[in-house]
>>> print(open('query-v4.pdb').read())   # PDB, C-alpha atoms (C1' of nucleotides)
ATOM      1  CA  MET X1337     -15.868  27.328 -25.151
ATOM      2  CA  GLU X1338     -13.548  27.062 -28.034
ATOM      3  CA  LEU X1339     -10.710  25.615 -26.051
ATOM      4  CA  LEU X1340     -12.268  22.391 -27.236
ATOM      5  CA  LYS X1341     -11.068  23.194 -30.709
ATOM      6  CA  THR X1342      -7.656  23.875 -29.273
ATOM      7  CA  GLY X1343      -7.701  20.331 -28.007
ATOM      8  CA  GLY X1344      -8.834  18.995 -31.344
ATOM      9  CA  ILE X1345     -12.290  18.145 -30.095
ATOM     10  CA  ARG X1346     -15.282  18.789 -32.247
ATOM     11  CA  PRO X1347     -17.451  21.157 -30.225
ATOM     12  CA  THR X1348     -20.777  19.400 -30.316
ATOM     13  CA  LEU X1349     -23.664  20.539 -28.219
ATOM     14  CA  PRO X1350     -23.437  17.806 -25.567
ATOM     15  CA  ARG X1351     -19.719  18.391 -25.223
ATOM     16  CA  LEU X1352     -20.236  22.085 -24.753
ATOM     17  CA  ALA X1353     -22.760  21.266 -22.069
ATOM     18  CA  VAL X1354     -20.227  19.086 -20.285
ATOM     19  CA  ALA X1355     -17.513  21.692 -20.697
ATOM     20  CA  ALA X1356     -19.763  24.405 -19.312
ATOM     21  CA  LYS X1357     -20.388  22.456 -16.148
ATOM     22  CA  PHE X1358     -16.927  20.991 -15.781
ATOM     23  CA  PHE X1359     -14.448  23.761 -16.481
ATOM     24  CA  GLY X1360     -14.529  26.235 -13.693
ATOM     25  CA  ASN X1361     -15.751  23.572 -11.302
ATOM     26  CA  PHE X1362     -12.929  23.227  -8.840
ATOM     27  CA  ASN X1363     -14.634  20.756  -6.545
ATOM     28  CA  HIS X1364     -13.041  17.771  -8.245
ATOM     29  CA  PRO X1365     -16.291  16.353  -9.491
ATOM     30  CA  SER X1366     -16.736  12.737 -10.316
ATOM     31  CA  ALA X1367     -18.220  11.817 -13.661
ATOM     32  CA  GLU X1368     -21.465  11.178 -11.873
ATOM     33  CA  ASP X1369     -21.358  14.662 -10.343
ATOM     34  CA  VAL X1370     -20.854  16.252 -13.725
ATOM     35  CA  TRP X1371     -23.656  14.218 -15.182
ATOM     36  CA  ALA X1372     -26.033  15.434 -12.484
ATOM     37  CA  LEU X1373     -25.121  19.035 -13.235
ATOM     38  CA  VAL X1374     -25.430  18.567 -16.968
ATOM     39  CA  LYS X1375     -28.680  16.700 -16.700
ATOM     40  CA  ALA X1376     -30.207  19.486 -14.637
ATOM     41  CA  ALA X1377     -29.364  22.096 -17.243
ATOM     42  CA  TYR X1378     -29.630  20.045 -20.426
ATOM     43  CA  PRO X1379     -31.915  17.096 -19.742
ATOM     44  CA  GLY X1380     -31.306  15.439 -23.065
ATOM     45  CA  VAL X1381     -27.697  14.484 -22.459
ATOM     46  CA  SER X1382     -27.020  10.867 -21.661
ATOM     47  CA  ARG X1383     -24.775   9.562 -18.969
ATOM     48  CA  ALA X1384     -22.555   7.726 -21.408
ATOM     49  CA  THR X1385     -21.849  10.923 -23.293
ATOM     50  CA  VAL X1386     -20.782  12.691 -20.131
ATOM     51  CA  TYR X1387     -18.476   9.835 -19.209
ATOM     52  CA  ASN X1388     -17.082   9.678 -22.740
ATOM     53  CA  THR X1389     -16.577  13.404 -22.911
ATOM     54  CA  LEU X1390     -14.730  13.648 -19.612
ATOM     55  CA  GLU X1391     -12.499  10.788 -20.626
ATOM     56  CA  LEU X1392     -11.914  12.542 -23.932
ATOM     57  CA  PHE X1393     -10.933  15.723 -22.114
ATOM     58  CA  ALA X1394      -8.471  13.699 -20.075
ATOM     59  CA  GLN X1395      -6.975  12.106 -23.180
ATOM     60  CA  LYS X1396      -6.607  15.472 -24.865
ATOM     61  CA  GLY X1397      -4.870  16.941 -21.874
ATOM     62  CA  LEU X1398      -7.654  19.309 -20.880
ATOM     63  CA  ALA X1399      -8.296  17.493 -17.624
ATOM     64  CA  ARG X1400      -6.740  14.955 -15.330
ATOM     65  CA  ARG X1401      -8.398  11.869 -14.000
ATOM     66  CA  ARG X1402      -7.307  11.150 -10.471
ATOM     67  CA  ALA X1403      -7.841   8.333  -8.019
ATOM     68  CA  LEU X1404      -8.041  10.263  -4.787
ATOM     69  CA  LYS X1405     -11.089   8.804  -3.171
ATOM     70  CA  GLY X1406     -12.118   5.218  -2.962
ATOM     71  CA  GLY X1407     -14.538   3.983  -5.540
ATOM     72  CA  ARG X1408     -15.096   7.014  -7.700
ATOM     73  CA  ALA X1409     -12.673   8.638 -10.075
ATOM     74  CA  VAL X1410     -12.554  12.411 -10.008
ATOM     75  CA  TYR X1411     -11.703  14.770 -12.804
ATOM     76  CA  ASP X1412      -9.593  17.835 -12.289
ATOM     77  CA  PRO X1413      -9.854  20.749 -14.711
ATOM     78  CA  VAL X1414      -6.589  22.144 -13.407
ATOM     79  CA  THR X1415      -3.804  20.753 -15.532
ATOM     80  CA  GLU X1416      -0.924  22.633 -13.971
ATOM     81  CA  ARG X1417       1.094  20.706 -11.433
ATOM     82  CA  HIS X1418      -0.310  20.882  -7.966
ATOM     83  CA  HIS X1419      -0.831  18.774  -4.910
ATOM     84  CA  HIS X1420      -4.008  17.503  -3.350
ATOM     85  CA  LEU X1421      -5.401  17.528   0.105
ATOM     86  CA  VAL X1422      -8.195  15.165   0.976
ATOM     87  CA  ASP X1423     -10.244  16.373   3.894
ATOM     88  CA  GLN X1424     -10.653  13.411   6.198
ATOM     89  CA  ALA X1425     -13.809  14.861   7.669
ATOM     90  CA  THR X1426     -15.736  15.767   4.563
ATOM     91  CA  GLY X1427     -13.999  13.892   1.773
ATOM     92  CA  ARG X1428     -13.598  17.131  -0.111
ATOM     93  CA  ILE X1429     -10.508  17.513  -2.202
ATOM     94  CA  TYR X1430      -8.540  20.730  -2.297
ATOM     95  CA  ASP X1431      -5.882  21.806  -4.717
ATOM     96  CA  ILE X1432      -2.631  22.800  -3.070
ATOM     97  CA  PRO X1433      -0.460  25.070  -5.191
ATOM     98  CA  TRP X1434       2.804  23.518  -6.257
ATOM     99  CA  ALA X1435       4.708  26.392  -4.718
ATOM    100  CA  ALA X1436       3.106  25.859  -1.318
ATOM    101  CA  VAL X1437       5.407  22.932  -0.626
ATOM    102  CA  ARG X1438       9.120  22.957  -1.103
ATOM    103  CA  LEU X1439      10.085  19.757  -2.855
ATOM    104  CA  PRO X1440      13.268  18.429  -4.325
ATOM    105  CA  GLY X1441      13.423  19.690  -7.882
ATOM    106  CA  ASN X1442      13.105  16.277  -9.364
ATOM    107  CA  ILE X1443      12.611  12.820  -8.021
ATOM    108  CA  ALA X1444      15.004  10.138  -9.160
ATOM    109  CA  LEU X1445      14.527   6.506  -8.291
ATOM    110  CA  PRO X1446      17.023   3.899  -9.382
ATOM    111  CA  ASP X1447      14.564   1.321 -10.687
ATOM    112  CA  PHE X1448      11.882   3.577 -12.081
ATOM    113  CA  GLU X1449      11.314   6.102 -14.770
ATOM    114  CA  VAL X1450       9.429   8.876 -13.039
ATOM    115  CA  GLU X1451       6.860  10.638 -15.201
ATOM    116  CA  ASP X1452       5.046  12.716 -12.657
ATOM    117  CA  TYR X1453       4.433  12.958  -8.983
ATOM    118  CA  HIS X1454       2.390  14.886  -6.522
ATOM    119  CA  LEU X1455       1.675  14.927  -2.850
ATOM    120  CA  VAL X1456      -1.502  13.468  -1.490
ATOM    121  CA  ILE X1457      -2.052  15.139   1.831
ATOM    122  CA  LEU X1458      -4.553  13.856   4.339
ATOM    123  CA  GLY X1459      -5.881  16.427   6.736
ATOM    124  CA  ARG X1460      -8.755  18.597   7.711
ATOM    125  CA  LYS X1461      -9.740  22.086   6.799
ATOM    126  CA  LYS X1462      -9.436  24.432   9.752
ATOM    127  CA  ARG X1463     -12.887  25.643  10.622
ATOM    128  CA  GLY X1464     -13.655  29.108   9.503
ATOM    129  CA  LYS X1465     -10.893  29.172   6.952
TER     130      LYS X1465
ATOM    131  CA  MET O 629      -0.648 -14.769  13.773
ATOM    132  CA  GLU O 630      -1.211 -13.310  17.137
ATOM    133  CA  LEU O 631      -0.581  -9.756  16.097
ATOM    134  CA  LEU O 632      -4.333  -9.819  15.775
ATOM    135  CA  LYS O 633      -4.576  -9.936  19.526
ATOM    136  CA  THR O 634      -2.205  -7.019  19.688
ATOM    137  CA  GLY O 635      -4.698  -5.110  17.639
ATOM    138  CA  GLY O 636      -7.559  -6.177  19.840
ATOM    139  CA  ILE O 637      -9.055  -8.458  17.227
ATOM    140  CA  ARG O 638     -10.445 -11.797  18.193
ATOM    141  CA  PRO O 639      -8.437 -14.302  16.200
ATOM    142  CA  THR O 640     -11.171 -16.339  14.617
ATOM    143  CA  LEU O 641     -10.419 -18.885  11.959
ATOM    144  CA  PRO O 642     -11.610 -16.833   8.965
ATOM    145  CA  ARG O 643      -9.628 -13.856  10.176
ATOM    146  CA  LEU O 644      -6.506 -15.907  10.521
ATOM    147  CA  ALA O 645      -7.054 -17.090   6.976
ATOM    148  CA  VAL O 646      -7.279 -13.511   5.767
ATOM    149  CA  ALA O 647      -4.249 -12.517   7.812
ATOM    150  CA  ALA O 648      -2.238 -15.391   6.430
ATOM    151  CA  LYS O 649      -2.869 -14.302   2.864
ATOM    152  CA  PHE O 650      -2.728 -10.593   3.452
ATOM    153  CA  PHE O 651       0.248  -9.909   5.691
ATOM    154  CA  GLY O 652       3.396 -10.503   3.786
ATOM    155  CA  ASN O 653       1.634  -9.745   0.534
ATOM    156  CA  PHE O 654       3.332  -6.625  -0.704
ATOM    157  CA  ASN O 655       1.506  -6.392  -4.007
ATOM    158  CA  HIS O 656      -1.102  -4.015  -2.637
ATOM    159  CA  PRO O 657      -3.950  -6.431  -3.104
ATOM    160  CA  SER O 658      -7.518  -5.306  -3.447
ATOM    161  CA  ALA O 659     -10.131  -6.897  -1.250
ATOM    162  CA  GLU O 660     -11.142  -8.981  -4.225
ATOM    163  CA  ASP O 661      -7.553 -10.174  -4.657
ATOM    164  CA  VAL O 662      -7.342 -11.253  -1.046
ATOM    165  CA  TRP O 663     -10.635 -13.027  -1.310
ATOM    166  CA  ALA O 664      -9.425 -15.013  -4.286
ATOM    167  CA  LEU O 665      -6.340 -16.097  -2.364
ATOM    168  CA  VAL O 666      -8.291 -16.962   0.739
ATOM    169  CA  LYS O 667     -10.946 -18.827  -1.176
ATOM    170  CA  ALA O 668      -8.330 -20.974  -2.885
ATOM    171  CA  ALA O 669      -6.832 -22.059   0.420
ATOM    172  CA  TYR O 670      -9.907 -22.023   2.639
ATOM    173  CA  PRO O 671     -12.954 -22.442   0.422
ATOM    174  CA  GLY O 672     -15.453 -21.902   3.220
ATOM    175  CA  VAL O 673     -14.741 -18.233   3.759
ATOM    176  CA  SER O 674     -17.233 -15.783   2.356
ATOM    177  CA  ARG O 675     -16.477 -12.663   0.465
ATOM    178  CA  ALA O 676     -18.187 -10.436   2.993
ATOM    179  CA  THR O 677     -15.970 -11.744   5.761
ATOM    180  CA  VAL O 678     -12.843 -10.957   3.796
ATOM    181  CA  TYR O 679     -14.074  -7.444   3.104
ATOM    182  CA  ASN O 680     -15.075  -6.949   6.724
ATOM    183  CA  THR O 681     -11.811  -8.313   8.017
ATOM    184  CA  LEU O 682      -9.647  -6.101   5.833
ATOM    185  CA  GLU O 683     -11.659  -3.086   6.845
ATOM    186  CA  LEU O 684     -11.250  -4.156  10.453
ATOM    187  CA  PHE O 685      -7.500  -4.401  10.004
ATOM    188  CA  ALA O 686      -7.531  -0.890   8.600
ATOM    189  CA  GLN O 687      -9.543   0.437  11.518
ATOM    190  CA  LYS O 688      -7.223  -1.193  14.015
ATOM    191  CA  GLY O 689      -4.172   0.262  12.363
ATOM    192  CA  LEU O 690      -2.785  -2.998  11.047
ATOM    193  CA  ALA O 691      -3.274  -1.979   7.445
ATOM    194  CA  ARG O 692      -3.961   1.065   5.337
ATOM    195  CA  ARG O 693      -6.657   1.405   2.775
ATOM    196  CA  ARG O 694      -5.494   3.474  -0.145
ATOM    197  CA  ALA O 695      -7.117   4.940  -3.231
ATOM    198  CA  LEU O 696      -4.298   4.612  -5.711
ATOM    199  CA  LYS O 697      -6.041   3.089  -8.671
ATOM    200  CA  GLY O 698      -9.398   3.936 -10.076
ATOM    201  CA  GLY O 699     -12.291   1.790  -9.047
ATOM    202  CA  ARG O 700     -10.740  -0.592  -6.587
ATOM    203  CA  ALA O 701      -9.414   0.178  -3.164
ATOM    204  CA  VAL O 702      -6.161  -1.494  -2.233
ATOM    205  CA  TYR O 703      -4.945  -2.511   1.172
ATOM    206  CA  ASP O 704      -1.381  -2.042   2.268
ATOM    207  CA  PRO O 705       0.055  -4.182   5.068
ATOM    208  CA  VAL O 706       2.950  -1.766   5.473
ATOM    209  CA  THR O 707       1.959   0.780   8.083
ATOM    210  CA  GLU O 708       5.219   2.687   8.229
ATOM    211  CA  ARG O 709       5.327   5.886   6.244
ATOM    212  CA  HIS O 710       6.295   5.410   2.658
ATOM    213  CA  HIS O 711       5.515   6.678  -0.783
ATOM    214  CA  HIS O 712       3.849   4.935  -3.691
ATOM    215  CA  LEU O 713       4.692   4.546  -7.303
ATOM    216  CA  VAL O 714       1.985   3.508  -9.704
ATOM    217  CA  ASP O 715       3.396   1.859 -12.799
ATOM    218  CA  GLN O 716       1.618   3.471 -15.718
ATOM    219  CA  ALA O 717       2.234   0.447 -17.897
ATOM    220  CA  THR O 718       1.095  -2.336 -15.616
ATOM    221  CA  GLY O 719      -0.915  -0.617 -12.922
ATOM    222  CA  ARG O 720       1.251  -2.273 -10.309
ATOM    223  CA  ILE O 721       1.912  -0.312  -7.175
ATOM    224  CA  TYR O 722       5.325  -0.196  -5.572
ATOM    225  CA  ASP O 723       6.287   0.985  -2.139
ATOM    226  CA  ILE O 724       8.955   3.649  -2.141
ATOM    227  CA  PRO O 725      10.868   3.924   1.115
ATOM    228  CA  TRP O 726      10.363   7.178   2.926
ATOM    229  CA  ALA O 727      14.093   7.780   2.944
ATOM    230  CA  ALA O 728      14.344   7.471  -0.831
ATOM    231  CA  VAL O 729      12.980  10.969  -1.274
ATOM    232  CA  ARG O 730      14.190  13.987   0.582
ATOM    233  CA  LEU O 731      11.176  15.927   1.750
ATOM    234  CA  PRO O 732      10.692  18.909   3.982
ATOM    235  CA  GLY O 733      10.462  17.615   7.515
ATOM    236  CA  ASN O 734       6.859  18.585   7.894
ATOM    237  CA  ILE O 735       4.268  20.138   5.691
ATOM    238  CA  ALA O 736       2.444  23.153   7.002
ATOM    239  CA  LEU O 737      -0.482  24.697   5.204
ATOM    240  CA  PRO O 738      -2.181  27.782   6.554
ATOM    241  CA  ASP O 739      -5.772  26.608   6.163
ATOM    242  CA  PHE O 740      -5.384  22.929   6.910
ATOM    243  CA  GLU O 741      -4.463  20.619   9.689
ATOM    244  CA  VAL O 742      -2.151  18.116   8.067
ATOM    245  CA  GLU O 743      -2.432  14.601   9.420
ATOM    246  CA  ASP O 744      -0.370  12.685   6.935
ATOM    247  CA  TYR O 745       0.997  12.937   3.481
ATOM    248  CA  HIS O 746       2.817  10.870   0.947
ATOM    249  CA  LEU O 747       3.977  11.117  -2.612
ATOM    250  CA  VAL O 748       2.072   9.429  -5.376
ATOM    251  CA  ILE O 749       4.565   8.933  -8.145
ATOM    252  CA  LEU O 750       3.513   8.009 -11.645
ATOM    253  CA  GLY O 751       6.116   6.213 -13.658
ATOM    254  CA  ARG O 752       7.259   2.956 -15.117
ATOM    255  CA  LYS O 753       9.521   0.259 -13.832
ATOM    256  CA  LYS O 754      12.731   0.090 -15.784
ATOM    257  CA  ARG O 755      12.814  -3.196 -17.596
ATOM    258  CA  GLY O 756      15.041  -5.774 -16.075
ATOM    259  CA  LYS O 757      15.149  -4.069 -12.717
TER     260      LYS O 757
ATOM    261  C1'  DG E 883     -20.811   5.923 -47.521
ATOM    262  C1'  DT E 884     -17.855   5.831 -43.992
ATOM    263  C1'  DT E 885     -16.677   7.699 -39.850
ATOM    264  C1'  DC E 886     -17.871   9.916 -35.606
ATOM    265  C1'  DG E 887     -21.036  11.185 -31.935
ATOM    266  C1'  DT E 888     -25.144  10.225 -29.323
ATOM    267  C1'  DG E 889     -28.898   8.152 -26.338
ATOM    268  C1'  DC E 890     -30.638   4.310 -24.199
ATOM    269  C1'  DA E 891     -30.486   0.318 -21.652
ATOM    270  C1'  DA E 892     -28.167  -3.505 -20.240
ATOM    271  C1'  DA E 893     -24.072  -5.498 -18.377
ATOM    272  C1'  DC E 894     -20.211  -5.277 -15.526
ATOM    273  C1'  DG E 895     -17.102  -5.295 -11.371
ATOM    274  C1'  DG E 896     -16.165  -4.090  -6.898
ATOM    275  C1'  DT E 897     -18.274  -3.141  -2.587
ATOM    276  C1'  DT E 898     -21.902  -2.984   0.839
ATOM    277  C1'  DT E 899     -25.937  -4.549   3.145
ATOM    278  C1'  DG E 900     -29.787  -7.478   5.115
ATOM    279  C1'  DC E 901     -30.651 -11.362   7.273
ATOM    280  C1'  DA E 902     -30.699 -15.732   9.591
ATOM    281  C1'  DA E 903     -27.720 -18.905  12.026
ATOM    282  C1'  DC E 904     -24.263 -19.514  15.218
ATOM    283  C1'  DA E 905     -20.426 -18.829  18.634
ATOM    284  C1'  DA E 906     -18.480 -16.230  22.460
ATOM    285  C1'  DT E 907     -18.909 -13.857  26.593
TER     286       DT E 907
ATOM    287  C1'  DA I1426     -29.272 -12.556  27.148
ATOM    288  C1'  DT I1427     -26.469  -9.891  24.784
ATOM    289  C1'  DT I1428     -23.061  -9.166  21.714
ATOM    290  C1'  DG I1429     -20.023 -10.299  17.962
ATOM    291  C1'  DT I1430     -19.015 -13.144  13.768
ATOM    292  C1'  DT I1431     -20.112 -15.686   9.735
ATOM    293  C1'  DG I1432     -22.057 -17.197   5.141
ATOM    294  C1'  DC I1433     -25.088 -16.385   1.567
ATOM    295  C1'  DA I1434     -27.431 -13.753  -1.641
ATOM    296  C1'  DA I1435     -29.221  -9.668  -3.077
ATOM    297  C1'  DA I1436     -28.721  -4.866  -3.596
ATOM    298  C1'  DC I1437     -26.046  -1.026  -4.685
ATOM    299  C1'  DC I1438     -23.166   2.352  -7.126
ATOM    300  C1'  DG I1439     -20.061   4.023 -10.450
ATOM    301  C1'  DT I1440     -18.500   2.801 -14.839
ATOM    302  C1'  DT I1441     -18.327   0.499 -19.327
ATOM    303  C1'  DT I1442     -20.279  -1.586 -23.328
ATOM    304  C1'  DG I1443     -23.445  -2.906 -27.245
ATOM    305  C1'  DC I1444     -26.303  -1.320 -30.400
ATOM    306  C1'  DA I1445     -29.048   1.397 -33.463
ATOM    307  C1'  DC I1446     -29.927   5.988 -35.044
ATOM    308  C1'  DG I1447     -28.342  10.221 -36.759
ATOM    309  C1'  DA I1448     -25.029  13.945 -38.029
ATOM    310  C1'  DA I1449     -20.686  15.352 -40.068
ATOM    311  C1'  DC I1450     -17.266  14.980 -43.329
TER     312       DC I1450
END
>>> encode(input="query-v4.pdb", output="structure tokens")
Amino acid sequence: MELLKTGGIRPTLPRLAVAAKFFGNFNHPSAEDVWALVKAAYPGVSRATVYNTLELFAQKGLARRRALKGGRAVYDPVTERHHHLVDQATGRIYDIPWAAVRLPGNIALPDFEVEDYHLVILGRKKRGK
Amino acid sequence: MELLKTGGIRPTLPRLAVAAKFFGNFNHPSAEDVWALVKAAYPGVSRATVYNTLELFAQKGLARRRALKGGRAVYDPVTERHHHLVDQATGRIYDIPWAAVRLPGNIALPDFEVEDYHLVILGRKKRGK
DNA sequence: GTTCGTGCAAACGGTTTGCAACAAT
DNA sequence: ATTGTTGCAAACCGTTTGCACGAAC
């Protein structure tokens, strides 16, 4: 994965291991989740490195860290704007395409400088879908 | 505060202490924050009781538990619908009135049953305001 | 040789849990 | 008697940090 170079990240072996397990994982894994996956495939990688690497991805704009569930931070490999739905039954997080919801083009608040916004939707996945 | 009775909560002394410090606190305190306030005023109250009581408030619909910051859950005594702005500089959370943003009347997603939704806005408070 | 990256373990902070005592019904 | 509530401390879980070794420039 040489998109690491694009982000100005030296593609070391542990980082490639993290990237392999993280990018393309659309289940909004927590750092701990990613570590479990990495550890299974590449036992030598330490937890700290996984945490550091994910945070590095976030700083370089390759991922977003989100506070969507209590307690654990989740990382999102999708950097395009989108909304989130948190399934109240399972806790699973789903990406909702930006275009799926019609929103005012931009949000303006008198007292605040708005940098970004997204909808957090609470609901449940319809069974079977 | 006898809105506890309204919620079907037995108004014990520790719970009244928590209620006194929590309701009317619009700074989106974490459980730890509330405990610090309660402990200062009523030193006998244990941390577990504060945590239990806040969770009880949430279950009874007197408060909302929200995952807006990483790591710590915050409790919101405002139960009416509103949006949230997280100040990227300070981490402070502000309530944004529902009417401040024009949204589609209801959100419908084909695969999900939507129970609730709100905007999470990332921004910064304009200085002086 | 100075910086950067890594592994390991310990520390940390917030939250939850187990348990014994006690109050309410 | 049964249930609900409390305080205390310990356990727990995700995350961060300190440190020493090694690789890269």
>>> axis_aligned_box(input="query-v4.pdb", around="segment 884-899 of chain E", padding_each_side="8 Å", output="JSON")
{"center_x": -23.4, "center_y": 2.8, "center_z": -20.4, "size_x": 30.5, "size_y": 32.7, "size_z": 63.1}
>>> resolve_selection(input="query-v4.pdb", expression="the PyMOL selection byres ((chain O) within 8 of (chain E))", output="list of chain:residue names")
O:Glu660, O:Gly699, O:Arg700
>>> interface_residues(input="query-v4.pdb", of="chain I", to="chain X", cutoff="9 Å", atoms="all atoms listed in the file", output="MDAnalysis selection string")
chainID I and resid 1438:1441
>>> interface_residues(input="query-v4.pdb", of="chain X", to="chain O", cutoff="6 Å", atoms="only C-alpha atoms", output="list in words")
Ala1403, Leu1404, Lys1405, Gly1406, Gly1407, Ala1409, Asp1447, Phe1448, Glu1449, Val1450, Glu1451, Asp1452, Tyr1453, His1454, Leu1455, Val1456, Ile1457, Leu1458, Gly1459, Arg1460, Lys1461, Lys1462 and Lys1465 of chain X
>>> resolve_selection(input="query-v4.pdb", expression="the PyMOL selection byres ((chain I and resi 1427-1431) around 7)", output="NGL selection string")
(:O and (677)) or (:I and (1426 or 1432))
>>> atom_distance(input="query-v4.pdb", atom1="atom CA of Val678 of chain O", atom2="atom CA of Ala691 of chain O")
13.6 Å
>>> atom_distance(input="query-v4.pdb", atom1="atom CA of His1418 of chain X", atom2="atom CA of Gly1397 of chain X")
15.2 Å
>>> residues_around(input="query-v4.pdb", residues="segment 1337-1349 of chain X", least_positions_apart="5", cutoff="8 Å", atoms="only C-alpha atoms (C1' of nucleotides)", output="list in words")
Ala1355, Ala1356, Lys1396, Gly1397 and Leu1398 of chain X
>>> atom_distance(input="query-v4.pdb", atom1="atom CA of Ala1377 of chain X", atom2="atom CA of Asn1363 of chain X")
18.3 Å
>>> residues_near_point(input="query-v4.pdb", point="(-9.6, -12.1, 0.3)", cutoff="8 Å", atoms="all atoms listed in the file", output="list in words")
Val646, Lys649, Phe650, Ala659, Glu660, Asp661, Val662, Trp663, Ala664, Leu665, Val666, Lys667, Arg675, Val678 and Tyr679 of chain O
